[in-house]
Structure formats: structure tokens, C-alpha cells
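Visitor: Before anything else, here's the structure in question.
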Amino acid sequence: MARFSDCFLLLFGQLAVGGVIGLAVPPFSLIDRGFYRSSAGLFLAFAAMFVAGKLVLLVRGQTGAGSAAELAAWIAFTAALATYTASLWGDAPRRRARAFASTVLLGLLALAVSALRFRLGPWLGVGTPLYPLAFLSGALALGAVVTGMLLGHWYLIDLGLSIEPLERVFRFFVAALALQLVIMVAGVPLLATTTEGAAALAALWRDSRPLLYTRLVLGPLAPLGVAVLIHRTLRIPQTMAATGLFYIAILAVLVGEMLGRLILLRTSLPL
């Protein structure tokens, strides 16, 4: 039961890390500080929920819930994110920049620590680097689509805002999906080179083939299809239509990541 909770709690951590990285995409100088305050506050809430869930699992002493070192890494990330969020109310650009850089680095570290707990095979196995890369690509996809949706809503507040920031986030979203697809496709032969990975892939193909197909279709193929529609609406430009399409993309990416966590639960494969 703890492993089930642990796998799906990762979605909150991935949303927080990917969301923070997504905030670096739109130009800070063109957008009102309020967008960053509200968005950073939302991602901070996701990080806090993840830490709270991990803490509960560890206090209960359930096996498969991770280690105290992993929890400490996520607490450090959450504290750095809280510092960055608080800095958005002040006028200290250097302190804000340092807080943001620390938040991103600590988030990447925490995500890697969590990812490597699920690895199959030895530490130096060829498939080991795939775990943090797969977790990161999922985090980037989640962060990009949520940032796009949040920024799209900001156009209702700042009516004179240029279309450029939303276009930047859109390109980041497409790049994140493309990276995720490449890692998924390239990861299968890498995992198959190890005994443990080959056995897990064989079990997945034998017992959960529809789950694998659905995972591939809903994330990242379906969001890439929605991205084509977003691109067309931005060429008009029509920001509200693009925002509505980002909502649809969120559902596809989120369900895809949930199916990926189900695969992780059943097989320990980072797909």
C-alpha cells in the first residue's frame, strides 16, 4: 500500500519541479509580478502536499515509502521554493535569482533521488540514468502545460500583454513532449540490456499491453495532437481558445503520467 501511495505522490513533486522550471520560460520583464506570485504559490502548494504525504508514510513506518534522506531533499526544495516565492514581494533581484537557481537545482536533485529508488539493476547499469531522465521529462511536460494554462488566464487580467510569452511557453511544452517521447522510445532497448529490465519489459508486454498502449497514446502523443491546435489558435491569435486547449492538454498529460506511475508500480519501469 505504501508503494502505491509513493508512486502516485510523485505526481505532486513532478508538478512542483516542472512548474518552477516552466516559470523561467516566459520573460520576467514583460509580465506583471502577480503572475509569478500566484503561479509560484500554486507550485509551492504541490511541493508541500508531496512533503506532507511522504512524511506521513515515513512516520507510519511503511516499507517502500522512501528514506529520510529523500524526504530531506524534498524539504530543502520546498524551503527554497518558499524563499523564492517570498522574494517576489520584494525588490532584491539578486536574492530572487539566487533563490530561483537554488530551487531548480534542489528540485532536480530531489527528483533524481526519488527516481533512482525505483531503478532495476545495479547503480552502474546502463538503464540507471534513464530513471531521472524519465522523471524529469514527465515533470517538464506537467510543468509546461500547467504554466501554459496559468499564463493563458493571465491574458484576461493584462489585456495588453504581447502574445510572445505564451508562444514561448507553447514551444517549451512541445519540446518537453518531444523529449518525453524520445526518452520513452530510447529507454526500452536500454532497459532490455539488463536481466532485470528485460524481465520487467516481458512482464509488461505479457500482462499489461493495453496499459502500455494507452500510456503512449495519452502521453505524449495525444498532447502533441492538441499542441497542433494550440499552434493554430496562437497564429490568429486567440489566447482564450489556446487556454481552453491547454486545459484539454492538461487532462491528457496528467492521465498519461498517472498511467506511467501505474506502470512504475507494477514493474518499476520508468515509462
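Residues in the C-alpha cells are named by chain (A, B, ... in the order shown) and by number from 1 within that chain; ligands are numbered from 1 in the order shown.
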Fewer than 3 positions away in the same chain doesn't count, so skip those; otherwise give me all residues within 8 Å of Thr194 (chain A), counting only C-alpha atoms, as a PyMOL selection string.

Guide: chain A and resi 121+125-127+190-191+197-198

Visitor: Can you tell me which residues surround region 4-12 of chain A at a distance of at most 8 Å, considering only C-alpha atoms, apart from same-chain residues fewer than 4 positions away, and format the answer as a VMD selection string?

Guide: chain A and resid 16 46 to 47 49 to 50 53 to 54 64 to 66 257 to 258 261 to 262 264 to 265

Visitor: Region 26-43 of chain A: which residues within 9 Å, counting only C-alpha atoms, same-chain residues fewer than 6 positions away excluded, as JSON, numbers by chain?

Guide: {"A": [12, 15, 16, 17, 18, 19, 20, 81, 82, 84, 85, 86, 88, 89, 147, 150, 151, 154, 158, 161, 162, 164, 165, 166, 167, 168, 169]}

Visitor: May I have the residues from that selection written out with N, CA and C atoms, as a compact mmCIF listing (two decimals), in the first residue's frame?

Guide:
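Resulting contents of result-v3.txt:
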```txt
# COMPACT_ATOMS: atom_id res chain seq x y z
N PHE A 12 2.75 15.03 -7.54
CA PHE A 12 2.81 16.34 -6.91
C PHE A 12 4.22 16.91 -6.96
N LEU A 15 5.02 17.96 -10.55
CA LEU A 15 4.33 19.21 -10.88
C LEU A 15 5.06 20.41 -10.29
N ALA A 16 5.53 20.26 -9.06
CA ALA A 16 6.24 21.38 -8.42
C ALA A 16 7.55 21.69 -9.12
N VAL A 17 8.35 20.67 -9.39
CA VAL A 17 9.65 20.88 -10.03
C VAL A 17 9.48 21.38 -11.46
N GLY A 18 8.63 20.71 -12.23
CA GLY A 18 8.41 21.13 -13.61
C GLY A 18 7.79 22.50 -13.70
N GLY A 19 6.91 22.84 -12.75
CA GLY A 19 6.29 24.15 -12.76
C GLY A 19 7.28 25.26 -12.51
N VAL A 20 8.19 25.04 -11.57
CA VAL A 20 9.21 26.05 -11.28
C VAL A 20 10.09 26.27 -12.51
N LEU A 81 11.83 26.90 -2.55
CA LEU A 81 10.70 27.42 -3.33
C LEU A 81 9.92 28.45 -2.52
N ALA A 82 9.77 28.20 -1.22
CA ALA A 82 9.10 29.17 -0.36
C ALA A 82 9.90 30.47 -0.29
N TYR A 84 11.93 31.62 -2.65
CA TYR A 84 11.76 32.29 -3.94
C TYR A 84 10.40 32.97 -4.02
N THR A 85 9.36 32.28 -3.59
CA THR A 85 8.01 32.85 -3.64
C THR A 85 7.94 34.13 -2.80
N ALA A 86 8.53 34.10 -1.61
CA ALA A 86 8.54 35.29 -0.76
C ALA A 86 9.32 36.43 -1.39
N LEU A 88 9.37 37.35 -4.36
CA LEU A 88 8.61 38.00 -5.41
C LEU A 88 7.84 39.22 -4.89
N TRP A 89 7.79 39.37 -3.58
CA TRP A 89 7.15 40.55 -2.99
C TRP A 89 8.16 41.65 -2.66
N THR A 147 1.83 25.67 -16.69
CA THR A 147 2.28 27.06 -16.86
C THR A 147 1.57 27.71 -18.05
N LEU A 150 -1.96 28.58 -16.88
CA LEU A 150 -1.95 29.72 -15.97
C LEU A 150 -1.66 31.03 -16.71
N LEU A 151 -0.70 30.99 -17.62
CA LEU A 151 -0.36 32.20 -18.36
C LEU A 151 -1.50 32.60 -19.29
N TRP A 154 -3.82 34.66 -17.52
CA TRP A 154 -3.30 35.98 -17.17
C TRP A 154 -3.64 37.00 -18.25
N ASP A 158 -4.20 41.06 -17.91
CA ASP A 158 -3.35 42.01 -18.64
C ASP A 158 -3.73 41.97 -20.11
N LEU A 161 -0.99 42.46 -22.94
CA LEU A 161 0.20 41.61 -22.93
C LEU A 161 0.47 41.04 -24.32
N SER A 162 1.72 41.06 -24.73
CA SER A 162 2.12 40.51 -26.02
C SER A 162 1.88 39.00 -26.06
N GLU A 164 3.92 36.93 -27.28
CA GLU A 164 5.22 36.27 -27.23
C GLU A 164 5.40 35.36 -26.01
N PRO A 165 5.06 35.79 -24.78
CA PRO A 165 5.25 34.89 -23.64
C PRO A 165 4.51 33.57 -23.78
N LEU A 166 3.26 33.61 -24.26
CA LEU A 166 2.51 32.37 -24.41
C LEU A 166 3.09 31.51 -25.52
N GLU A 167 3.61 32.12 -26.55
CA GLU A 167 4.26 31.35 -27.62
C GLU A 167 5.51 30.66 -27.10
N ARG A 168 6.25 31.34 -26.23
CA ARG A 168 7.46 30.72 -25.64
C ARG A 168 7.08 29.50 -24.81
N VAL A 169 6.06 29.65 -23.98
CA VAL A 169 5.63 28.52 -23.15
C VAL A 169 5.12 27.38 -24.02
```

Visitor: Of the candidates A:Pro93, A:Thr103, A:Leu251, A:Ser114, which one gets nearest to Glu70 (chain A) if we count only C-alpha atoms?

Guide: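 Smallest distance to Glu70 (chain A) is found for A:Ser114.
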
Visitor: Which one is closest to Leu105 (chain A): A:Leu234, A:Ala73, A:Leu212, A:Val51? Count only C-alpha atoms.

Guide: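 Going through A:Leu234, A:Ala73, A:Leu212, A:Val51 one by one, the smallest distance to Leu105 (chain A) is for A:Ala73.
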
Visitor: Could you tell me how far CA of Leu142 (chain A) lies from CA of Leu179 (chain A), in Å and to one decimal?

Guide: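 Interatomic distance, CA of Leu142 (chain A) to CA of Leu179 (chain A): 12.7 Å.
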
Visitor: Between CA of Ala69 (chain A) and CA of Ala115 (chain A), what is the spacing in Å?

Guide: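 These two atoms are separated by 13.3 Å.
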
Visitor: Give the helix (DSSP H, G or I) residues of region 6-252 of chain A, as assigned by DSSP on the backbone, as a VMD selection string.

Guide: chain A and resid 6 to 22 33 to 59 68 to 87 93 to 116 130 to 154 164 to 192 195 to 207 209 to 235 239 to 252

Visitor: Mind pulling up the distance from CA of Val228 (chain A) to CA of Arg171 (chain A)?

Guide: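 One can read the CA of Arg171 (chain A) to CA of Val228 (chain A) distance as 11.1 Å.
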
Visitor: Which residue, A:Val59, A:Met149, A:Ala92, A:Ala139, has the smallest gap to Leu108 (chain A) when you use only C-alpha atoms?

Guide: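 So, comparing all the options, the nearest one is A:Ala139.
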
Visitor: Show which residues sit within 8 Å of Phe172 (chain A), as a ChimeraX atom specification. Count only C-alpha atoms, and ignore same-chain residues fewer than 5 positions away.

Guide: /A:22,25,144

Visitor: Selected residues, C-alpha atoms, written as a CSV table (one decimal), in the first residue's frame, please.

Guide:
```
chain,number,residue,atom,x,y,z
A,22,GLY,CA,8.4,26.4,-16.5
A,25,VAL,CA,10.4,30.4,-19.8
A,144,ALA,CA,4.9,23.3,-19.2
```
